[in-house]
Amino acid sequence: MIKNQTAVITGCNRGIGLSILNKFAKEGYEIICCNRTIDNNFKQHCKLLEKEFKIKIYLYKINFEDLNETKSISKDILANHKNINTLVNNAGYLKQSIFEMIRYEDLKKTFDINLFNQLIFTQNLIKILKKTENSNIIFISSTSGFESNIGRSVYSMSKISLISITKNLSQELSRYKIRVNCVAPGMVSTDMMFDNTPKNIIEENLKRVPLNRLGTPDEISNVVFFLSSDNSSYINGQTLRVDGGMT
């Protein structure tokens, strides 16, 4: 168990994000949770994690669709926390629609949440990451950023952008000993996937997965934690595909 380490995790109230929260809690990190929704069930879950692993979890309600709120909450975090070792940008939004039918509002919302305001949030937190020795930024992208998936053109564009910014930031921030990496999950058993992917499409795509099954959120969070740890100290600017051999 690691002590005196703090991780900021966005979008961690369900699915992959919740698994990332659980993993960092188990490893002894104090955690700053940044979610659009913080309901009583999530609060209770965090209290149980605090009690079991003797850590502290801080809750911030933030809507990454709102630029002003993104700036305000990131400033609050800077004011209230003096040490951050890892930033995991997991918050995301997916609107299924063929390109001809997608509305401007959905296009803007996708990029605001998945890219633009996520980058503003990161930009602000870099101020404290620079003061922490050997800190990390991890973006959660998707194999959709590499693939041509019908109905996901805008989502795919936003996710490939995260892969690009990972490369850029890894070069710019290396002088401060900040490593920047990215995880691109494939087909993972989450509500987001089942809510946006028809059953027949899931079954068809599974034929392309040599392991012949969906991934689990824990299999993604294990990779995220690895990238944040000293075990990956010479990995920088990389995107790790976790897709069961789909590629």
# chains A, B, ... in the order shown; residues from 1 in each chain; ligands from 1

call {"tool": "residues_around", "arguments": {"residues": "Arg213 (chain A)", "least_positions_apart": "5", "cutoff": "12 Å", "atoms": "only C-alpha atoms", "output": "PyMOL selection string"}}
result
chain A and resi 186-189+202-208+243-246

call {"tool": "select_by_dssp", "arguments": {"residues": "region 159-235 of chain A", "states": "strand (DSSP E or B)", "output": "NGL selection string"}}
result
:A and (178-185 or 188 or 215)

call {"tool": "residues_around", "arguments": {"residues": "Gln123 (chain A)", "least_positions_apart": "6", "cutoff": "12 Å", "atoms": "only C-alpha atoms", "output": "PyMOL selection string"}}
result
chain A and resi 70-71+74-75+78+87+89+115-117+129-130+137+165+169+173

call {"tool": "write_last_selection", "arguments": {"atoms": "N, CA, C and O atoms", "output": "PDB file, in the first residue's frame"}}
result
ATOM      1  N   THR A  70     -15.786  24.352 -14.739  1.00  0.00           N
ATOM      2  CA  THR A  70     -14.525  23.625 -14.838  1.00  0.00           C
ATOM      3  C   THR A  70     -13.380  24.464 -14.271  1.00  0.00           C
ATOM      4  O   THR A  70     -12.555  23.976 -13.487  1.00  0.00           O
ATOM      5  N   LYS A  71     -13.335  25.725 -14.649  1.00  0.00           N
ATOM      6  CA  LYS A  71     -12.289  26.621 -14.144  1.00  0.00           C
ATOM      7  C   LYS A  71     -12.420  26.821 -12.643  1.00  0.00           C
ATOM      8  O   LYS A  71     -11.428  26.789 -11.904  1.00  0.00           O
ATOM      9  N   SER A  74     -11.473  23.585 -10.594  1.00  0.00           N
ATOM     10  CA  SER A  74     -10.030  23.328 -10.646  1.00  0.00           C
ATOM     11  C   SER A  74      -9.276  24.312  -9.755  1.00  0.00           C
ATOM     12  O   SER A  74      -8.287  23.949  -9.100  1.00  0.00           O
ATOM     13  N   LYS A  75      -9.749  25.547  -9.686  1.00  0.00           N
ATOM     14  CA  LYS A  75      -9.125  26.535  -8.796  1.00  0.00           C
ATOM     15  C   LYS A  75      -9.363  26.177  -7.336  1.00  0.00           C
ATOM     16  O   LYS A  75      -8.477  26.360  -6.486  1.00  0.00           O
ATOM     17  N   LEU A  78      -6.896  23.512  -6.429  1.00  0.00           N
ATOM     18  CA  LEU A  78      -5.566  24.095  -6.227  1.00  0.00           C
ATOM     19  C   LEU A  78      -5.465  24.780  -4.871  1.00  0.00           C
ATOM     20  O   LEU A  78      -4.424  24.723  -4.205  1.00  0.00           O
ATOM     21  N   LEU A  87      -3.174  12.543 -12.049  1.00  0.00           N
ATOM     22  CA  LEU A  87      -4.447  13.027 -12.585  1.00  0.00           C
ATOM     23  C   LEU A  87      -4.946  12.024 -13.608  1.00  0.00           C
ATOM     24  O   LEU A  87      -4.254  11.756 -14.610  1.00  0.00           O
ATOM     25  N   ASN A  89      -7.852  11.529 -16.217  1.00  0.00           N
ATOM     26  CA  ASN A  89      -8.948  12.165 -16.943  1.00  0.00           C
ATOM     27  C   ASN A  89      -9.833  11.094 -17.570  1.00  0.00           C
ATOM     28  O   ASN A  89      -9.590  10.616 -18.675  1.00  0.00           O
ATOM     29  N   LEU A 115     -12.894  16.639 -24.470  1.00  0.00           N
ATOM     30  CA  LEU A 115     -11.623  17.243 -24.868  1.00  0.00           C
ATOM     31  C   LEU A 115     -11.414  18.647 -24.300  1.00  0.00           C
ATOM     32  O   LEU A 115     -10.557  18.836 -23.438  1.00  0.00           O
ATOM     33  N   PHE A 116     -12.187  19.636 -24.755  1.00  0.00           N
ATOM     34  CA  PHE A 116     -11.866  21.031 -24.479  1.00  0.00           C
ATOM     35  C   PHE A 116     -11.767  21.344 -22.983  1.00  0.00           C
ATOM     36  O   PHE A 116     -10.727  21.816 -22.501  1.00  0.00           O
ATOM     37  N   ASN A 117     -12.826  21.102 -22.246  1.00  0.00           N
ATOM     38  CA  ASN A 117     -12.807  21.466 -20.827  1.00  0.00           C
ATOM     39  C   ASN A 117     -11.954  20.512 -20.002  1.00  0.00           C
ATOM     40  O   ASN A 117     -11.430  20.885 -18.947  1.00  0.00           O
ATOM     41  N   LEU A 129       0.886  19.771 -10.194  1.00  0.00           N
ATOM     42  CA  LEU A 129       1.632  18.585 -10.604  1.00  0.00           C
ATOM     43  C   LEU A 129       3.111  18.908 -10.801  1.00  0.00           C
ATOM     44  O   LEU A 129       3.982  18.065 -10.545  1.00  0.00           O
ATOM     45  N   LYS A 130       3.406  20.108 -11.246  1.00  0.00           N
ATOM     46  CA  LYS A 130       4.797  20.536 -11.450  1.00  0.00           C
ATOM     47  C   LYS A 130       5.565  20.611 -10.136  1.00  0.00           C
ATOM     48  O   LYS A 130       6.792  20.495 -10.116  1.00  0.00           O
ATOM     49  N   ILE A 137      -0.008  12.197 -15.590  1.00  0.00           N
ATOM     50  CA  ILE A 137      -1.310  12.492 -16.170  1.00  0.00           C
ATOM     51  C   ILE A 137      -1.691  11.307 -17.044  1.00  0.00           C
ATOM     52  O   ILE A 137      -0.883  10.858 -17.864  1.00  0.00           O
ATOM     53  N   ILE A 165      -2.873  14.616 -27.894  1.00  0.00           N
ATOM     54  CA  ILE A 165      -2.409  15.515 -26.835  1.00  0.00           C
ATOM     55  C   ILE A 165      -1.504  14.787 -25.856  1.00  0.00           C
ATOM     56  O   ILE A 165      -0.616  15.387 -25.241  1.00  0.00           O
ATOM     57  N   LEU A 169       1.904  16.561 -24.787  1.00  0.00           N
ATOM     58  CA  LEU A 169       2.166  16.920 -23.401  1.00  0.00           C
ATOM     59  C   LEU A 169       3.327  16.124 -22.807  1.00  0.00           C
ATOM     60  O   LEU A 169       4.053  16.633 -21.950  1.00  0.00           O
ATOM     61  N   LEU A 173       6.008  18.379 -20.898  1.00  0.00           N
ATOM     62  CA  LEU A 173       6.038  18.311 -19.438  1.00  0.00           C
ATOM     63  C   LEU A 173       7.156  17.442 -18.874  1.00  0.00           C
ATOM     64  O   LEU A 173       7.337  17.386 -17.657  1.00  0.00           O
TER      65      LEU A 173
END

call {"tool": "select_by_dssp", "arguments": {"residues": "region 131-247 of chain A", "states": "helix (DSSP H, G or I)", "output": "MDAnalysis selection string"}}
result
chainID A and resid 143:145 153:176 191:196 199:206 217:228 230:232

call {"tool": "write_last_selection", "arguments": {"atoms": "C-alpha atoms", "output": "CSV table (one decimal), in the first residue's frame"}}
result
chain,number,residue,atom,x,y,z
A,143,THR,CA,-10.1,2.1,-29.4
A,144,SER,CA,-12.9,4.1,-31.1
A,145,GLY,CA,-10.2,6.7,-31.7
A,153,SER,CA,-17.7,9.8,-35.8
A,154,VAL,CA,-17.7,12.7,-33.3
A,155,TYR,CA,-16.9,10.5,-30.3
A,156,SER,CA,-14.0,8.9,-32.2
A,157,MET,CA,-12.7,12.4,-33.2
A,158,SER,CA,-12.7,13.5,-29.6
A,159,LYS,CA,-10.9,10.3,-28.4
A,160,ILE,CA,-8.2,10.4,-31.1
A,161,SER,CA,-7.5,13.9,-30.0
A,162,LEU,CA,-6.7,12.7,-26.5
A,163,ILE,CA,-4.1,10.3,-28.0
A,164,SER,CA,-2.6,13.2,-29.9
A,165,ILE,CA,-2.4,15.5,-26.8
A,166,THR,CA,-0.8,12.7,-24.9
A,167,LYS,CA,2.1,12.7,-27.2
A,168,ASN,CA,2.4,16.5,-27.2
A,169,LEU,CA,2.2,16.9,-23.4
A,170,SER,CA,4.6,14.1,-22.7
A,171,GLN,CA,7.3,16.1,-24.5
A,172,GLU,CA,6.3,19.5,-23.0
A,173,LEU,CA,6.0,18.3,-19.4
A,174,SER,CA,9.0,15.9,-19.2
A,175,ARG,CA,11.2,18.8,-18.1
A,176,TYR,CA,9.1,18.8,-14.9
A,191,ASP,CA,-23.4,0.8,-18.7
A,192,MET,CA,-22.1,3.3,-21.3
A,193,MET,CA,-21.3,0.5,-23.8
A,194,PHE,CA,-24.6,-1.4,-23.3
A,195,ASP,CA,-26.6,1.9,-23.5
A,196,ASN,CA,-25.0,2.9,-26.8
A,199,LYS,CA,-26.6,-6.3,-28.8
A,200,ASN,CA,-26.0,-7.6,-32.4
A,201,ILE,CA,-23.1,-5.1,-32.8
A,202,ILE,CA,-21.5,-6.3,-29.6
A,203,GLU,CA,-21.8,-9.9,-30.7
A,204,GLU,CA,-20.4,-9.1,-34.2
A,205,ASN,CA,-17.4,-7.2,-32.8
A,206,LEU,CA,-16.7,-9.9,-30.3
A,217,PRO,CA,-13.5,-2.3,-15.7
A,218,ASP,CA,-11.0,-3.8,-13.3
A,219,GLU,CA,-8.8,-4.8,-16.2
A,220,ILE,CA,-8.7,-1.2,-17.3
A,221,SER,CA,-8.1,0.2,-13.8
A,222,ASN,CA,-5.2,-2.2,-13.3
A,223,VAL,CA,-3.5,-0.7,-16.4
A,224,VAL,CA,-4.2,2.8,-15.3
A,225,PHE,CA,-2.7,2.2,-11.9
A,226,PHE,CA,0.4,0.6,-13.5
A,227,LEU,CA,0.9,3.7,-15.6
A,228,SER,CA,0.8,5.8,-12.5
A,230,ASP,CA,7.1,3.5,-10.5
A,231,ASN,CA,6.7,0.2,-12.3
A,232,SER,CA,6.1,2.2,-15.5

call {"tool": "closest_atom_pairs", "arguments": {"of": "region 82-201 of chain A", "to": "region 25-45 of chain A", "cutoff": "12 Å", "atoms": "only C-alpha atoms", "output": "JSON lines"}}
result
{"residue": "A:Asn83", "atom": "CA", "partner": "A:Glu30", "partner_atom": "CA", "distance": 10.1}
{"residue": "A:Ile84", "atom": "CA", "partner": "A:Ile32", "partner_atom": "CA", "distance": 9.1}
{"residue": "A:Asn85", "atom": "CA", "partner": "A:Tyr29", "partner_atom": "CA", "distance": 9.4}
{"residue": "A:Thr86", "atom": "CA", "partner": "A:Ile31", "partner_atom": "CA", "distance": 9.6}
{"residue": "A:Leu87", "atom": "CA", "partner": "A:Ile32", "partner_atom": "CA", "distance": 9.3}
{"residue": "A:Val88", "atom": "CA", "partner": "A:Cys33", "partner_atom": "CA", "distance": 10.1}
{"residue": "A:Asn89", "atom": "CA", "partner": "A:Cys34", "partner_atom": "CA", "distance": 9.7}
{"residue": "A:Asn90", "atom": "CA", "partner": "A:Cys34", "partner_atom": "CA", "distance": 9.8}
{"residue": "A:Ala91", "atom": "CA", "partner": "A:Asn35", "partner_atom": "CA", "distance": 7.8}
{"residue": "A:Gly92", "atom": "CA", "partner": "A:Arg36", "partner_atom": "CA", "distance": 10.5}
{"residue": "A:Tyr93", "atom": "CA", "partner": "A:Arg36", "partner_atom": "CA", "distance": 11.3}
{"residue": "A:Ile113", "atom": "CA", "partner": "A:Arg36", "partner_atom": "CA", "distance": 10.7}
{"residue": "A:Gln118", "atom": "CA", "partner": "A:Cys34", "partner_atom": "CA", "distance": 11.4}
{"residue": "A:Phe121", "atom": "CA", "partner": "A:Cys34", "partner_atom": "CA", "distance": 10.7}

call {"tool": "atom_distance", "arguments": {"atom1": "CA of Lys177 (chain A)", "atom2": "CA of Ser135 (chain A)"}}
result
6.8 Å

call {"tool": "atom_distance", "arguments": {"atom1": "CA of Phe111 (chain A)", "atom2": "CA of Thr6 (chain A)"}}
result
27.5 Å

call {"tool": "closest_residue", "arguments": {"among": "A:Cys46, A:Ile150, A:Ile73, A:Leu125", "to": "Ser97 (chain A)", "atoms": "only C-alpha atoms"}}
result
A:Ile150

call {"tool": "closest_residue", "arguments": {"among": "A:Lys61, A:Ile55, A:Ser229, A:Ile128", "to": "Asn80 (chain A)", "atoms": "only C-alpha atoms"}}
result
A:Ile128

call {"tool": "atom_distance", "arguments": {"atom1": "CA of Arg152 (chain A)", "atom2": "CA of Gln96 (chain A)"}}
result
5.8 Å

call {"tool": "closest_residue", "arguments": {"among": "A:Asn22, A:Gln5, A:Ser72, A:Thr190", "to": "Asn134 (chain A)", "atoms": "only C-alpha atoms"}}
result
A:Gln5

call {"tool": "closest_residue", "arguments": {"among": "A:Glu65, A:Lys82, A:Asn149, A:Phe139", "to": "Asp112 (chain A)", "atoms": "only C-alpha atoms"}}
result
A:Glu65

call {"tool": "decode", "arguments": {"residues": "region 53-86 of chain A", "atoms": "N, CA and C atoms", "output": "tab-separated table (two decimals), in the first residue's frame"}}
result
chain	number	residue	atom	x	y	z
A	53	PHE	N	-9.85	1.37	3.93
A	53	PHE	CA	-8.45	1.56	3.57
A	53	PHE	C	-7.78	2.71	4.30
A	54	LYS	N	-8.51	3.32	5.23
A	54	LYS	CA	-7.97	4.39	6.08
A	54	LYS	C	-7.38	5.52	5.25
A	55	ILE	N	-8.20	6.01	4.33
A	55	ILE	CA	-7.80	7.09	3.44
A	55	ILE	C	-8.82	8.21	3.54
A	56	LYS	N	-8.57	9.28	2.81
A	56	LYS	CA	-9.51	10.38	2.73
A	56	LYS	C	-9.92	10.57	1.28
A	57	ILE	N	-11.23	10.71	1.05
A	57	ILE	CA	-11.76	10.96	-0.28
A	57	ILE	C	-12.50	12.30	-0.27
A	58	TYR	N	-12.11	13.16	-1.19
A	58	TYR	CA	-12.72	14.48	-1.31
A	58	TYR	C	-13.64	14.51	-2.54
A	59	LEU	N	-14.83	15.05	-2.38
A	59	LEU	CA	-15.82	15.03	-3.45
A	59	LEU	C	-16.04	16.43	-4.01
A	60	TYR	N	-15.92	16.54	-5.32
A	60	TYR	CA	-16.18	17.80	-6.03
A	60	TYR	C	-17.19	17.54	-7.14
A	61	LYS	N	-18.26	18.30	-7.12
A	61	LYS	CA	-19.27	18.18	-8.17
A	61	LYS	C	-18.89	19.13	-9.31
A	62	ILE	N	-18.69	18.56	-10.50
A	62	ILE	CA	-18.24	19.36	-11.63
A	62	ILE	C	-18.89	18.88	-12.92
A	63	ASN	N	-19.39	19.80	-13.68
A	63	ASN	CA	-19.97	19.50	-14.98
A	63	ASN	C	-18.97	19.95	-16.05
A	64	PHE	N	-18.32	19.00	-16.71
A	64	PHE	CA	-17.30	19.33	-17.69
A	64	PHE	C	-17.89	19.92	-18.98
A	65	GLU	N	-19.19	20.01	-19.03
A	65	GLU	CA	-19.82	20.71	-20.16
A	65	GLU	C	-19.78	22.23	-19.94
A	66	ASP	N	-19.54	22.63	-18.72
A	66	ASP	CA	-19.58	24.04	-18.32
A	66	ASP	C	-18.16	24.55	-18.11
A	67	LEU	N	-17.68	25.43	-18.97
A	67	LEU	CA	-16.32	25.94	-18.88
A	67	LEU	C	-16.07	26.70	-17.59
A	68	ASN	N	-17.00	27.58	-17.22
A	68	ASN	CA	-16.81	28.37	-16.01
A	68	ASN	C	-16.74	27.49	-14.77
A	69	GLU	N	-17.58	26.47	-14.73
A	69	GLU	CA	-17.55	25.55	-13.59
A	69	GLU	C	-16.26	24.75	-13.56
A	70	THR	N	-15.79	24.35	-14.74
A	70	THR	CA	-14.52	23.63	-14.84
A	70	THR	C	-13.38	24.46	-14.27
A	71	LYS	N	-13.34	25.73	-14.65
A	71	LYS	CA	-12.29	26.62	-14.14
A	71	LYS	C	-12.42	26.82	-12.64
A	72	SER	N	-13.65	27.03	-12.18
A	72	SER	CA	-13.88	27.31	-10.77
A	72	SER	C	-13.49	26.13	-9.88
A	73	ILE	N	-13.91	24.93	-10.27
A	73	ILE	CA	-13.61	23.75	-9.45
A	73	ILE	C	-12.12	23.45	-9.46
A	74	SER	N	-11.47	23.59	-10.59
A	74	SER	CA	-10.03	23.33	-10.65
A	74	SER	C	-9.28	24.31	-9.76
A	75	LYS	N	-9.75	25.55	-9.69
A	75	LYS	CA	-9.12	26.53	-8.80
A	75	LYS	C	-9.36	26.18	-7.34
A	76	ASP	N	-10.56	25.65	-7.03
A	76	ASP	CA	-10.84	25.20	-5.66
A	76	ASP	C	-9.90	24.07	-5.25
A	77	ILE	N	-9.66	23.16	-6.17
A	77	ILE	CA	-8.75	22.05	-5.89
A	77	ILE	C	-7.35	22.57	-5.62
A	78	LEU	N	-6.90	23.51	-6.43
A	78	LEU	CA	-5.57	24.10	-6.23
A	78	LEU	C	-5.47	24.78	-4.87
A	79	ALA	N	-6.55	25.42	-4.46
A	79	ALA	CA	-6.53	26.16	-3.20
A	79	ALA	C	-6.55	25.25	-1.98
A	80	ASN	N	-7.17	24.07	-2.12
A	80	ASN	CA	-7.40	23.21	-0.96
A	80	ASN	C	-6.46	22.00	-0.86
A	81	HIS	N	-5.68	21.77	-1.91
A	81	HIS	CA	-4.80	20.59	-1.90
A	81	HIS	C	-3.40	21.00	-2.34
A	82	LYS	N	-2.42	20.59	-1.57
A	82	LYS	CA	-1.04	21.00	-1.82
A	82	LYS	C	-0.20	19.95	-2.54
A	83	ASN	N	-0.75	18.76	-2.68
A	83	ASN	CA	0.04	17.67	-3.26
A	83	ASN	C	-0.87	16.78	-4.11
A	84	ILE	N	-0.57	16.69	-5.40
A	84	ILE	CA	-1.29	15.77	-6.30
A	84	ILE	C	-0.24	15.01	-7.11
A	85	ASN	N	-0.32	13.70	-7.04
A	85	ASN	CA	0.65	12.85	-7.74
A	85	ASN	C	0.17	12.38	-9.09
A	86	THR	N	-1.15	12.14	-9.20
A	86	THR	CA	-1.69	11.56	-10.43
A	86	THR	C	-3.01	12.22	-10.78
